[in-house]
Structures are given as C-alpha cells and as structure tokens.
>>> print(open('entry05.cif').read())   # mmCIF, C-alpha atoms
data_final
#
loop_
_atom_site.label_atom_id
_atom_site.label_comp_id
_atom_site.auth_asym_id
_atom_site.auth_seq_id
_atom_site.Cartn_x
_atom_site.Cartn_y
_atom_site.Cartn_z
CA MET A 5 0.00 0.00 0.00
CA LEU A 6 1.34 3.39 -1.04
CA GLY A 7 -0.74 6.46 -0.13
CA VAL A 8 0.06 9.98 -1.27
CA ILE A 9 -1.77 13.10 -0.06
CA MET A 10 -0.82 16.42 -1.68
CA THR A 11 -1.50 20.02 -0.72
CA ASP A 12 -0.24 23.39 -1.95
CA ALA A 13 -0.29 24.70 1.61
CA ALA A 14 2.97 26.16 2.93
CA LEU A 15 3.78 23.91 5.91
CA SER A 16 7.03 23.42 7.78
CA PRO A 17 8.41 19.86 7.87
CA ASP A 18 7.35 19.66 11.55
CA GLU A 19 3.81 20.82 10.80
CA THR A 20 3.56 18.34 7.92
CA ASP A 21 4.84 15.50 10.09
CA SER A 22 2.46 16.14 12.97
CA MET A 23 -0.52 16.69 10.63
CA LEU A 24 0.12 13.37 8.87
CA ARG A 25 0.60 11.47 12.14
CA HIS A 26 -2.69 12.82 13.46
CA ALA A 27 -4.51 11.74 10.30
CA VAL A 28 -2.85 8.30 10.01
CA ASN A 29 -3.47 7.39 13.66
CA ARG A 30 -7.22 7.74 13.08
CA SER A 31 -7.34 6.13 9.63
CA PHE A 32 -4.59 3.87 8.22
CA ASN A 33 -3.61 2.75 11.73
CA CYS A 34 -7.24 1.80 12.45
CA ILE A 35 -7.87 -0.59 9.57
CA SER A 36 -7.04 -4.24 9.15
CA VAL A 37 -8.05 -6.78 6.53
CA GLU A 38 -6.40 -9.76 8.22
CA GLY A 39 -3.59 -8.14 10.20
CA HIS A 40 -0.89 -8.71 7.62
CA THR A 41 1.12 -5.53 7.03
CA SER A 42 3.70 -5.09 4.29
CA THR A 43 7.20 -3.64 4.34
CA SER A 44 6.06 -1.16 1.69
CA ASP A 45 2.96 0.16 3.53
CA THR A 46 3.62 3.92 3.41
CA VAL A 47 1.62 7.16 3.48
CA PHE A 48 3.11 10.46 2.34
CA LEU A 49 1.87 14.01 2.89
CA LEU A 50 3.50 16.33 0.34
CA ALA A 51 3.13 20.09 0.88
CA ASN A 52 4.85 22.11 -1.86
CA GLY A 53 4.02 25.59 -0.53
CA ALA A 54 2.75 26.80 -3.95
CA ALA A 55 -0.11 28.67 -2.22
CA GLU A 56 2.54 31.04 -0.78
CA HIS A 57 0.35 32.08 2.17
CA GLU A 58 1.35 33.49 5.55
CA PRO A 59 2.15 30.96 8.33
CA LEU A 60 -1.10 29.27 9.37
CA TYR A 61 -3.13 30.49 12.36
CA ASP A 62 -4.77 27.96 14.65
CA ALA A 63 -8.14 28.12 12.89
CA SER A 64 -6.77 27.63 9.40
CA ARG A 65 -4.36 24.94 10.58
CA SER A 66 -7.20 23.04 12.14
CA ALA A 67 -9.31 23.38 8.98
CA LEU A 68 -6.40 21.95 6.99
CA GLN A 69 -5.97 19.16 9.57
CA SER A 70 -9.65 18.24 9.13
CA ALA A 71 -9.24 18.12 5.37
CA VAL A 72 -6.15 15.88 5.64
CA ASP A 73 -7.99 13.67 8.17
CA ASP A 74 -10.94 13.33 5.79
CA VAL A 75 -8.77 12.39 2.82
CA ALA A 76 -6.78 9.85 4.87
CA MET A 77 -10.01 8.34 6.21
CA GLU A 78 -11.53 8.02 2.74
CA MET A 79 -8.39 6.33 1.42
CA ALA A 80 -8.10 3.96 4.40
CA GLN A 81 -11.75 2.95 4.22
CA ALA A 82 -11.40 2.34 0.48
CA ILE A 83 -8.82 -0.36 1.28
CA ILE A 84 -11.35 -2.16 3.48
CA ARG A 85 -14.20 -1.70 0.98
CA ASP A 86 -11.91 -3.25 -1.63
CA ALA A 87 -10.67 -6.11 0.64
CA GLU A 88 -10.18 -9.45 -1.10
CA GLY A 89 -13.42 -11.41 -1.27
CA ALA A 90 -15.12 -9.31 1.41
CA ASP A 91 -18.92 -9.42 1.78
CA HIS A 92 -19.15 -6.96 4.68
CA PHE A 93 -17.59 -3.63 5.66
CA VAL A 94 -17.39 -3.62 9.47
CA THR A 95 -17.06 -0.57 11.72
CA ILE A 96 -15.91 -1.40 15.25
CA ASP A 97 -16.31 1.15 18.04
CA VAL A 98 -14.65 0.45 21.36
CA CYS A 99 -15.76 3.01 23.97
CA GLY A 100 -15.23 3.49 27.71
CA ALA A 101 -11.66 2.16 27.72
CA ARG A 102 -8.89 3.10 30.18
CA SER A 103 -6.66 4.33 27.35
CA ARG A 104 -6.69 4.74 23.59
CA ASP A 105 -4.10 1.94 23.42
CA ASP A 106 -6.44 -0.42 25.28
CA ALA A 107 -9.33 0.47 22.97
CA HIS A 108 -7.10 -0.05 19.91
CA THR A 109 -5.83 -3.43 21.18
CA ILE A 110 -9.40 -4.66 21.75
CA ALA A 111 -10.66 -3.32 18.41
CA LYS A 112 -7.79 -4.93 16.49
CA ALA A 113 -8.26 -8.30 18.24
CA VAL A 114 -11.97 -8.27 17.35
CA ALA A 115 -11.22 -7.12 13.79
CA ASP A 116 -8.55 -9.77 13.16
CA GLY A 117 -10.36 -12.68 14.84
CA PRO A 118 -11.16 -15.22 12.10
CA LEU A 119 -14.08 -16.56 14.15
CA VAL A 120 -15.52 -13.04 14.44
CA LYS A 121 -15.03 -12.46 10.72
CA THR A 122 -16.65 -15.75 9.67
CA ALA A 123 -19.59 -15.10 12.02
CA ILE A 124 -20.16 -11.80 10.18
CA THR A 125 -19.84 -13.60 6.84
CA GLY A 126 -22.60 -15.93 8.08
CA ASN A 127 -24.74 -12.97 9.27
CA ASP A 128 -24.55 -14.40 12.78
CA PRO A 129 -24.70 -11.82 15.64
CA ASN A 130 -22.38 -14.03 17.70
CA TRP A 131 -21.64 -12.20 20.97
CA GLY A 132 -19.47 -15.05 22.28
CA ARG A 133 -16.87 -14.79 19.55
CA ILE A 134 -16.66 -10.98 19.85
CA VAL A 135 -16.52 -10.80 23.64
CA SER A 136 -13.99 -13.65 23.89
CA ALA A 137 -11.72 -11.91 21.36
CA ALA A 138 -11.82 -8.83 23.61
CA GLY A 139 -11.10 -11.20 26.50
CA TYR A 140 -7.96 -12.80 25.05
CA CYS A 141 -6.30 -9.68 23.66
CA GLY A 142 -4.37 -8.86 26.84
CA VAL A 143 -6.42 -5.92 28.17
CA GLU A 144 -7.62 -6.58 31.73
CA LEU A 145 -11.33 -7.18 31.45
CA LYS A 146 -14.23 -8.84 33.26
CA GLU A 147 -17.37 -10.04 31.50
CA GLU A 148 -19.54 -7.62 33.50
CA ASP A 149 -17.44 -4.66 32.23
CA VAL A 150 -18.69 -5.25 28.67
CA SER A 151 -21.86 -4.45 26.71
CA LEU A 152 -22.17 -5.10 22.99
CA TRP A 153 -24.33 -3.72 20.18
CA ILE A 154 -24.51 -4.98 16.59
CA ASN A 155 -26.23 -2.63 14.13
CA ASP A 156 -27.40 -0.62 17.18
CA VAL A 157 -29.15 -3.64 18.74
CA LEU A 158 -28.00 -4.41 22.29
CA ILE A 159 -27.21 -8.13 22.31
CA TYR A 160 -24.98 -8.44 25.40
CA GLU A 161 -25.31 -6.27 28.49
CA SER A 162 -22.91 -6.08 31.44
CA GLY A 163 -21.71 -9.65 31.01
CA ALA A 164 -24.87 -11.46 29.90
CA PRO A 165 -26.71 -11.95 26.59
CA THR A 166 -29.95 -10.00 26.20
CA GLU A 167 -33.34 -10.98 24.76
CA TYR A 168 -33.68 -9.46 21.29
CA ASP A 169 -35.09 -10.25 17.83
CA GLU A 170 -32.23 -12.40 16.55
CA PRO A 171 -33.74 -13.27 13.12
CA ALA A 172 -34.37 -9.56 12.43
CA LEU A 173 -30.81 -8.63 13.36
CA SER A 174 -29.37 -11.45 11.27
CA GLN A 175 -31.54 -10.30 8.35
CA SER A 176 -30.23 -6.74 8.72
CA MET A 177 -26.67 -8.14 8.46
CA ARG A 178 -27.69 -10.11 5.35
CA ASP A 179 -29.37 -7.06 3.74
CA ASN A 180 -26.59 -4.54 4.38
CA ARG A 181 -22.96 -4.63 3.38
CA ASP A 182 -22.14 -2.30 6.31
CA VAL A 183 -22.17 -3.78 9.82
CA SER A 184 -21.47 -1.92 13.04
CA ILE A 185 -20.09 -3.47 16.22
CA ARG A 186 -19.98 -1.40 19.40
CA LEU A 187 -18.25 -2.60 22.54
CA GLN A 188 -18.95 -0.39 25.56
CA LEU A 189 -16.63 -0.83 28.55
CA THR A 190 -16.90 0.60 32.07
CA HIS A 191 -13.21 1.41 32.45
CA GLY A 192 -12.82 5.04 31.40
CA ASN A 193 -13.48 7.56 28.65
CA GLU A 194 -11.17 6.59 25.81
CA SER A 195 -12.43 5.22 22.51
CA VAL A 196 -11.30 4.08 19.08
CA ARG A 197 -13.11 3.56 15.78
CA PHE A 198 -11.68 0.75 13.66
CA TRP A 199 -12.63 -0.79 10.30
CA THR A 200 -12.32 -4.30 8.97
CA SER A 201 -13.76 -6.78 6.49
CA ASP A 202 -15.20 -10.27 6.92
CA LEU A 203 -13.55 -13.55 5.88
CA THR A 204 -15.09 -15.47 3.00
CA ALA A 205 -14.32 -18.58 0.97
CA GLU A 206 -13.50 -16.16 -1.85
CA TYR A 207 -10.74 -14.59 0.30
CA VAL A 208 -9.25 -18.07 0.73
CA ARG A 209 -9.54 -18.81 -2.97
CA LEU A 210 -7.87 -15.55 -4.03
CA ASN A 211 -5.00 -15.92 -1.57
CA SER A 212 -4.35 -19.63 -2.04
CA GLU A 213 -4.45 -19.55 -5.85
CA TYR A 214 -2.31 -16.45 -6.26
CA THR A 215 1.43 -17.17 -6.32
CA THR A 216 4.25 -14.66 -6.19
CA MET B 14 -10.86 -27.35 25.11
CA LEU B 15 -10.62 -29.40 28.28
CA GLY B 16 -7.55 -31.63 28.70
CA VAL B 17 -7.07 -34.07 31.56
CA ILE B 18 -3.84 -36.01 32.22
CA MET B 19 -3.89 -38.60 35.03
CA THR B 20 -1.14 -40.43 36.86
CA ASP B 21 -1.01 -42.65 39.95
CA ALA B 22 2.35 -41.11 40.90
CA ALA B 23 2.59 -39.58 44.38
CA LEU B 24 3.40 -35.92 43.65
CA SER B 25 3.14 -32.88 45.89
CA PRO B 26 0.91 -30.06 44.65
CA ASP B 27 4.06 -28.03 43.86
CA GLU B 28 5.62 -30.88 41.88
CA THR B 29 2.35 -31.40 39.97
CA ASP B 30 2.08 -27.70 39.21
CA SER B 31 5.63 -27.33 37.91
CA MET B 32 5.43 -30.57 35.91
CA LEU B 33 2.22 -29.46 34.19
CA ARG B 34 3.56 -25.96 33.44
CA HIS B 35 6.68 -27.46 31.86
CA ALA B 36 4.57 -29.74 29.66
CA VAL B 37 1.99 -27.09 28.70
CA ASN B 38 4.59 -24.46 27.77
CA ARG B 39 5.97 -26.81 25.11
CA SER B 40 2.63 -28.17 23.85
CA PHE B 41 -0.73 -26.45 24.44
CA ASN B 42 0.96 -23.02 24.57
CA CYS B 43 2.66 -23.73 21.23
CA ILE B 44 -0.38 -24.47 19.09
CA SER B 45 -2.83 -22.20 17.33
CA VAL B 46 -5.58 -22.89 14.82
CA GLU B 47 -6.44 -19.24 14.18
CA GLY B 48 -5.42 -17.57 17.43
CA HIS B 49 -8.86 -17.62 19.04
CA THR B 50 -8.70 -18.94 22.62
CA SER B 51 -11.70 -19.78 24.76
CA THR B 52 -12.52 -18.94 28.36
CA SER B 53 -12.83 -22.67 29.02
CA ASP B 54 -9.43 -23.74 27.59
CA THR B 55 -8.00 -25.73 30.51
CA VAL B 56 -5.51 -28.56 31.09
CA PHE B 57 -5.46 -30.57 34.34
CA LEU B 58 -2.78 -32.90 35.69
CA LEU B 59 -4.32 -35.18 38.34
CA ALA B 60 -1.95 -37.25 40.51
CA ASN B 61 -3.81 -39.41 43.03
CA GLY B 62 -0.76 -41.03 44.69
CA ALA B 63 -2.21 -44.58 44.38
CA ALA B 64 1.26 -45.91 43.45
CA GLU B 65 2.31 -45.13 47.06
CA HIS B 66 6.01 -44.86 46.15
CA GLU B 67 8.82 -43.01 47.96
CA PRO B 68 9.35 -39.35 47.03
CA LEU B 69 10.76 -39.17 43.50
CA TYR B 70 14.52 -38.92 42.86
CA ASP B 71 15.75 -36.66 40.08
CA ALA B 72 16.01 -39.52 37.54
CA SER B 73 12.53 -40.87 38.13
CA ARG B 74 11.05 -37.37 38.29
CA SER B 75 12.58 -36.53 34.96
CA ALA B 76 11.28 -39.79 33.45
CA LEU B 77 7.79 -38.86 34.66
CA GLN B 78 8.22 -35.33 33.31
CA SER B 79 9.09 -36.80 29.91
CA ALA B 80 5.99 -38.98 29.98
CA VAL B 81 3.76 -36.02 30.91
CA ASP B 82 5.44 -33.91 28.18
CA ASP B 83 4.77 -36.65 25.61
CA VAL B 84 1.10 -37.01 26.54
CA ALA B 85 0.56 -33.23 26.51
CA MET B 86 2.30 -32.98 23.13
CA GLU B 87 0.20 -35.76 21.63
CA MET B 88 -3.03 -34.15 22.89
CA ALA B 89 -2.04 -30.66 21.68
CA GLN B 90 -1.02 -31.90 18.24
CA ALA B 91 -4.29 -33.82 17.97
CA ILE B 92 -6.15 -30.48 18.22
CA ILE B 93 -4.20 -29.18 15.21
CA ARG B 94 -4.60 -32.43 13.24
CA ASP B 95 -8.35 -32.12 13.87
CA ALA B 96 -8.55 -28.38 13.05
CA GLU B 97 -11.66 -27.29 11.19
CA GLY B 98 -11.30 -27.79 7.46
CA ALA B 99 -7.50 -28.08 7.61
CA ASP B 100 -5.58 -29.58 4.67
CA HIS B 101 -2.10 -29.25 6.22
CA PHE B 102 -0.46 -29.84 9.60
CA VAL B 103 2.32 -27.28 9.91
CA THR B 104 5.35 -27.46 12.22
CA ILE B 105 7.11 -24.13 12.67
CA ASP B 106 10.63 -24.01 14.14
CA VAL B 107 12.07 -20.63 15.05
CA CYS B 108 15.76 -20.98 15.97
CA GLY B 109 18.58 -18.60 16.84
CA ALA B 110 16.37 -16.08 18.66
CA ARG B 111 17.45 -13.72 21.46
CA SER B 112 14.91 -15.23 23.86
CA ARG B 113 12.28 -17.94 23.98
CA ASP B 114 9.64 -15.15 24.11
CA ASP B 115 10.97 -13.66 20.86
CA ALA B 116 10.93 -17.06 19.18
CA HIS B 117 7.36 -17.69 20.42
CA THR B 118 6.15 -14.26 19.23
CA ILE B 119 7.57 -14.86 15.74
CA ALA B 120 6.25 -18.42 15.53
CA LYS B 121 2.75 -17.34 16.59
CA ALA B 122 2.67 -14.45 14.10
CA VAL B 123 3.67 -16.80 11.28
CA ALA B 124 1.18 -19.45 12.46
CA ASP B 125 -1.75 -17.02 12.74
CA GLY B 126 -1.06 -15.07 9.54
CA PRO B 127 -4.00 -15.74 7.17
CA LEU B 128 -1.78 -14.99 4.17
CA VAL B 129 0.77 -17.56 5.37
CA LYS B 130 -1.99 -20.11 5.98
CA THR B 131 -3.64 -19.62 2.59
CA ALA B 132 -0.23 -19.88 0.85
CA ILE B 133 0.20 -23.29 2.49
CA THR B 134 -3.34 -24.25 1.44
CA GLY B 135 -2.28 -23.39 -2.11
CA ASN B 136 0.99 -25.38 -1.76
CA ASP B 137 2.87 -22.16 -2.42
CA PRO B 138 6.34 -21.87 -0.76
CA ASN B 139 5.82 -18.14 -0.36
CA TRP B 140 8.85 -16.75 1.50
CA GLY B 141 7.53 -13.17 1.34
CA ARG B 142 4.42 -13.86 3.39
CA ILE B 143 6.37 -15.81 6.04
CA VAL B 144 9.27 -13.38 6.40
CA SER B 145 6.96 -10.34 6.46
CA ALA B 146 4.86 -11.94 9.23
CA ALA B 147 8.08 -12.35 11.24
CA GLY B 148 8.83 -8.73 10.36
CA TYR B 149 5.57 -7.23 11.64
CA CYS B 150 5.26 -9.17 14.90
CA GLY B 151 7.20 -6.68 17.01
CA VAL B 152 10.53 -8.50 17.41
CA GLU B 153 13.45 -6.38 16.21
CA LEU B 154 14.60 -7.97 12.98
CA LYS B 155 16.48 -7.18 9.76
CA GLU B 156 15.96 -9.14 6.53
CA GLU B 157 19.60 -10.29 6.54
CA ASP B 158 19.11 -11.87 9.99
CA VAL B 159 16.69 -14.43 8.54
CA SER B 160 17.01 -17.69 6.60
CA LEU B 161 14.01 -19.88 5.79
CA TRP B 162 13.50 -23.54 4.94
CA ILE B 163 10.25 -25.21 3.88
CA ASN B 164 10.27 -29.03 4.02
CA ASP B 165 14.06 -28.79 4.54
CA VAL B 166 14.60 -26.83 1.31
CA LEU B 167 16.41 -23.51 1.81
CA ILE B 168 14.29 -20.92 -0.02
CA TYR B 169 15.50 -17.66 1.59
CA GLU B 170 19.01 -17.10 2.87
CA SER B 171 20.28 -14.14 4.91
CA GLY B 172 17.72 -11.74 3.49
CA ALA B 173 17.42 -12.91 -0.13
CA PRO B 174 15.49 -15.63 -1.97
CA THR B 175 17.57 -18.59 -3.18
CA GLU B 176 17.54 -20.57 -6.43
CA TYR B 177 15.75 -23.88 -5.83
CA ASP B 178 13.40 -26.31 -7.55
CA GLU B 179 10.11 -24.53 -6.82
CA PRO B 180 7.77 -26.96 -8.66
CA ALA B 181 9.30 -29.91 -6.74
CA LEU B 182 8.87 -28.16 -3.39
CA SER B 183 5.30 -27.18 -4.23
CA GLN B 184 4.61 -30.78 -5.24
CA SER B 185 5.99 -32.03 -1.90
CA MET B 186 3.54 -29.67 -0.13
CA ARG B 187 0.72 -31.03 -2.31
CA ASP B 188 1.67 -34.67 -1.64
CA ASN B 189 2.13 -34.42 2.13
CA ARG B 190 -0.28 -33.29 4.80
CA ASP B 191 2.69 -32.37 7.04
CA VAL B 192 4.64 -29.23 6.18
CA SER B 193 7.67 -27.89 8.05
CA ILE B 194 8.72 -24.25 8.19
CA ARG B 195 12.08 -23.36 9.75
CA LEU B 196 13.12 -19.77 10.39
CA GLN B 197 16.76 -19.44 11.41
CA LEU B 198 17.79 -16.14 12.98
CA THR B 199 21.25 -14.81 13.83
CA HIS B 200 20.27 -13.28 17.19
CA GLY B 201 21.05 -15.94 19.80
CA ASN B 202 20.48 -19.53 20.84
CA GLU B 203 16.82 -19.71 21.86
CA SER B 204 14.24 -21.65 19.89
CA VAL B 205 10.58 -22.67 19.87
CA ARG B 206 8.64 -25.36 18.03
CA PHE B 207 5.04 -24.42 17.23
CA TRP B 208 2.19 -26.14 15.38
CA THR B 209 -0.64 -24.77 13.28
CA SER B 210 -3.06 -25.62 10.48
CA ASP B 211 -3.74 -23.95 7.15
CA LEU B 212 -6.84 -21.91 6.21
CA THR B 213 -9.25 -23.37 3.70
CA ALA B 214 -12.63 -22.50 2.18
CA GLU B 215 -13.97 -25.38 4.29
CA TYR B 216 -12.83 -23.59 7.49
CA VAL B 217 -14.82 -20.54 6.36
CA ARG B 218 -17.85 -22.66 5.50
CA LEU B 219 -17.84 -24.49 8.86
CA ASN B 220 -17.43 -21.30 10.89
CA SER B 221 -19.84 -19.11 8.95
CA GLU B 222 -22.66 -21.69 8.80
CA TYR B 223 -22.40 -22.76 12.43
CA THR B 224 -24.44 -20.58 14.80
CA THR B 225 -24.38 -20.62 18.59
#
>>> encode(input="entry05.cif", output="structure tokens")
Amino acid sequence: MLGVIMTDAALSPDETDSMLRHAVNRSFNCISVEGHTSTSDTVFLLANGAAEHEPLYDASRSALQSAVDDVAMEMAQAIIRDAEGADHFVTIDVCGARSRDDAHTIAKAVADGPLVKTAITGNDPNWGRIVSAAGYCGVELKEEDVSLWINDVLIYESGAPTEYDEPALSQSMRDNRDVSIRLQLTHGNESVRFWTSDLTAEYVRLNSEYTT
Amino acid sequence: MLGVIMTDAALSPDETDSMLRHAVNRSFNCISVEGHTSTSDTVFLLANGAAEHEPLYDASRSALQSAVDDVAMEMAQAIIRDAEGADHFVTIDVCGARSRDDAHTIAKAVADGPLVKTAITGNDPNWGRIVSAAGYCGVELKEEDVSLWINDVLIYESGAPTEYDEPALSQSMRDNRDVSIRLQLTHGNESVRFWTSDLTAEYVRLNSEYTT
C-alpha cells in the first residue's frame, strides 16, 4: 500500500509530520483486513508551498488538519471496501476504555479474529466470539465490564446476553454490506473507531491460488 | 478445550504444578488454529498417589516429566490435526532467537497469519508472506538476519530468496499433509517449536454456517 496526499499549503516539515501522524493514527492505523502488514505500507503528505500564504493560524491549521484527516479516512476505508473477497464492511467502536491503546488493542483483536469475521460472513450476531476476542487480547477485562451492540441492537449487556429479535438482526446483516459493532466498557473515557472486512471462501480462494 | 492427564504417581501439589507448566509451555501453549482462545481452555494434571512410592529422585522425576510432556504434546497436536477444514499440519521451528519469548512471538505471528496459511493451502512456498509476518510481529529484525526452509529446502538465505526447484517443493507440499517451516535467525540460541493448520474455504464454510 502506497498512499500519497498532496497540498499546496505552505507547511514546515514539523507541521507536515504532525498533521500526517494525526490523520494516520485515526485512519490507516485503524484498519485491518487480516492483520498482515507489508514492508512497503507507506503514506506520504507532500506540501509544496505553492499557495505562498502566511504561516497558518490555529483556525486555518485546524481546517487543513480536518481536510487531511478526511482524505486519509476516505483512502483507508477504500482499502477495506476493496478487501479481497469481502462481503461486509465492518465498523468497530470500542468506547469506555482506560486508554486509547487499550481500545485499539481490543478493536484490532476483534477485527482480526477469524471466528468473528466468519460469524459476520454468516450474518450471525455471535456475541461469544466478539466478547472472547476482547477477552484474550491482553487488556484486563471482566465479562460484566462489557456491553455489545450490533447494528445498534443491544445483544450483550454487562456480562450477559440479552433478549432481542435475533432473526431480524441477522436479516439486517444479510441485507446490508455495512455492519457496526460497538463494545462499551466501564473502564474510562477513551475510545477508538476501527474498520475491517469479513472472511469469506473467496478470500481463501484468491489468496491460495495467487502465487508470487 | 478441556484436557485431563492422570497419573497414579505420588506428587506434591508443587511438583504437579511445575510438571504441568513445563509440559503445557511446550505443547498447548505452542499451538494455534487461528489464534482464538476460549474462556474454558483448561488442562489438568491429576496425581492421586495410588502408586504409594517413595518421594521421586531426580532420575525418576525426569522420566515422569518426559511422559507427561509426551502425553501433553500428543493431545495438543491432535487439536491441530483435527482443526476445522484443515488440509495441512504445519510445524514451525524458530531458531537462533534472542529469547524464547521472541521465538514464540515470531512463531505465533507466522502461524496465525492468514496470508501464510492460505499460501500453504495453495501449496505455495511463499517466502515473502512468512518473512513479512516475522517482520511485523514486534521482534526487532532485519531481513539479513533471517534464513528460511520449507520441508528442509532452503528458499530464503540471509535476506534474499535462493535458487531452488520450486515446482518440486510445491509438489511435496501437495503430496504431504505435514509441512515444516524453519526460520533461522542470527540473534542468539533460543528456539521454539510451534504447530498450526492452514486456512481453507472449508474452514470458512464451517465457521460461517455454524451458529451458537
């Protein structure tokens, strides 16, 4: 993956660096198809200064940051929408964590869990596979600290499965390419939004038949 | 997964505990189907003392340790041989690491990498997917520190692919259920042996159609 973002803004190298890091931490660093990164995965922000403006004030710098964030997000999500063999585009929100690192670790474990991915492929709102992935990722966690929504339906509350219309929720997963998973913890105020794809037989076919 | 090993040896609780940990660290803690552990994964060693022997000397204790190790290994490998939809049983040796933890981290990243698994499914001796999994797992590593064998054929040496008979190696992967991967590092003297399965369309079918 090679990503290039260009602007004619006049930014110092330090401004460019911090603007790109901010954008990448909320976009390219929050996606995963199957967890496999490449030595060539790189994102550039090129600022040639052709606009020849005065040094940026806070307001204009933060408008530019928003624009760079938006472009990075669109590019990162496009990778997931284009993931090999994917049937679903999955948005994972982890909220109420002790730290952003904790939230990221949980989100990535859920995203990369093949049993989570295949459950989504099968349109199965399987709380057990999602909650256990959060449980094995290394973040200290008790069952009762966790509540879970899929497509805004609460299916697991404070450590126990809820009563809900399971066929309707499964049908909504079948009818929509986009699926949302929200894990709410009781630990703190930090959160992360993460994106992933599901795991299909077509993914296996593409990656077992292709030879370098 | 619930594993139970029984002996009529007369062991103290401390002896039993340390004997089981030794066995589990080289068996159940060195297998992975897809990385997903369960809250119920448990191994017991039960020693009822019915043999009523004298306290064990070093030689007899180490004979018993070997027997417990062997049983634990056989049980752990049986899980991998029985993995859902698996076409291949893969033994991964990581040698020459700085620490056993480093070797374990690399072995587990290679084992759990879906692109590594699907390459094996496709009988593709794909050095790039294996070496890059070692590269992204967090252990400090340069390409030139790594050499790689598949089924005892050297395919990547000190950071560069070798010349070898690729069709013959691919055929040996097609003809044999068992595949061996050996990663040799230049960092130290620690090593780990790890076992995993490949990733097939049948794995996806089983885990997307099954609902809890």
>>> resolve_selection(input="entry05.cif", expression="the PyMOL selection byres ((chain B) within 9 of (chain A))", output="PDB file with C-alpha atoms, in the coordinates of the input")
ATOM      1  CA  GLU B  47      -6.440 -19.240  14.180  1.00  0.00           C
ATOM      2  CA  GLY B  48      -5.420 -17.570  17.430  1.00  0.00           C
ATOM      3  CA  HIS B  49      -8.860 -17.620  19.040  1.00  0.00           C
ATOM      4  CA  THR B  50      -8.700 -18.940  22.620  1.00  0.00           C
ATOM      5  CA  SER B  51     -11.700 -19.780  24.760  1.00  0.00           C
ATOM      6  CA  THR B  52     -12.520 -18.940  28.360  1.00  0.00           C
ATOM      7  CA  GLY B 126      -1.060 -15.070   9.540  1.00  0.00           C
ATOM      8  CA  PRO B 127      -4.000 -15.740   7.170  1.00  0.00           C
ATOM      9  CA  LEU B 128      -1.780 -14.990   4.170  1.00  0.00           C
ATOM     10  CA  LYS B 130      -1.990 -20.110   5.980  1.00  0.00           C
ATOM     11  CA  THR B 131      -3.640 -19.620   2.590  1.00  0.00           C
ATOM     12  CA  ALA B 132      -0.230 -19.880   0.850  1.00  0.00           C
ATOM     13  CA  ILE B 133       0.200 -23.290   2.490  1.00  0.00           C
ATOM     14  CA  THR B 134      -3.340 -24.250   1.440  1.00  0.00           C
ATOM     15  CA  GLY B 135      -2.280 -23.390  -2.110  1.00  0.00           C
ATOM     16  CA  ASN B 136       0.990 -25.380  -1.760  1.00  0.00           C
ATOM     17  CA  ASP B 137       2.870 -22.160  -2.420  1.00  0.00           C
ATOM     18  CA  PRO B 138       6.340 -21.870  -0.760  1.00  0.00           C
ATOM     19  CA  ASN B 139       5.820 -18.140  -0.360  1.00  0.00           C
ATOM     20  CA  GLY B 141       7.530 -13.170   1.340  1.00  0.00           C
ATOM     21  CA  ARG B 142       4.420 -13.860   3.390  1.00  0.00           C
ATOM     22  CA  SER B 145       6.960 -10.340   6.460  1.00  0.00           C
ATOM     23  CA  ALA B 146       4.860 -11.940   9.230  1.00  0.00           C
ATOM     24  CA  GLY B 148       8.830  -8.730  10.360  1.00  0.00           C
ATOM     25  CA  TYR B 149       5.570  -7.230  11.640  1.00  0.00           C
ATOM     26  CA  LEU B 212      -6.840 -21.910   6.210  1.00  0.00           C
ATOM     27  CA  THR B 213      -9.250 -23.370   3.700  1.00  0.00           C
ATOM     28  CA  ALA B 214     -12.630 -22.500   2.180  1.00  0.00           C
ATOM     29  CA  GLU B 215     -13.970 -25.380   4.290  1.00  0.00           C
ATOM     30  CA  TYR B 216     -12.830 -23.590   7.490  1.00  0.00           C
ATOM     31  CA  VAL B 217     -14.820 -20.540   6.360  1.00  0.00           C
ATOM     32  CA  ARG B 218     -17.850 -22.660   5.500  1.00  0.00           C
ATOM     33  CA  LEU B 219     -17.840 -24.490   8.860  1.00  0.00           C
ATOM     34  CA  ASN B 220     -17.430 -21.300  10.890  1.00  0.00           C
ATOM     35  CA  SER B 221     -19.840 -19.110   8.950  1.00  0.00           C
ATOM     36  CA  GLU B 222     -22.660 -21.690   8.800  1.00  0.00           C
ATOM     37  CA  TYR B 223     -22.400 -22.760  12.430  1.00  0.00           C
ATOM     38  CA  THR B 224     -24.440 -20.580  14.800  1.00  0.00           C
ATOM     39  CA  THR B 225     -24.380 -20.620  18.590  1.00  0.00           C
TER      40      THR B 225
END
>>> resolve_selection(input="entry05.cif", expression="the PyMOL selection byres ((chain B and resi 58-61) around 9)", output="PyMOL selection string")
chain B and resi 16-26+29-30+32-33+56-57+62-64+81
>>> atom_distance(input="entry05.cif", atom1="atom CA of B:Gly172", atom2="atom CA of B:Gln197")
11.1 Å
>>> residues_around(input="entry05.cif", residues="stretch 115-118 of chain B", least_positions_apart="2", cutoff="8 Å", atoms="all atoms listed in the file", output="PyMOL selection string")
chain B and resi 43+107-108+110-113+120-122+150-152+203-205+207
>>> atom_distance(input="entry05.cif", atom1="atom CA of B:Asp106", atom2="atom CA of B:Ala173")
19.3 Å
>>> closest_residue(input="entry05.cif", among="B:Leu196, B:Ile143, B:Val84, B:Leu15", to="B:Leu167", atoms="only C-alpha atoms")
B:Leu196
>>> closest_residue(input="entry05.cif", among="B:Tyr169, B:Tyr177, B:Trp208, B:Trp162", to="B:Arg195", atoms="all atoms listed in the file")
B:Trp162
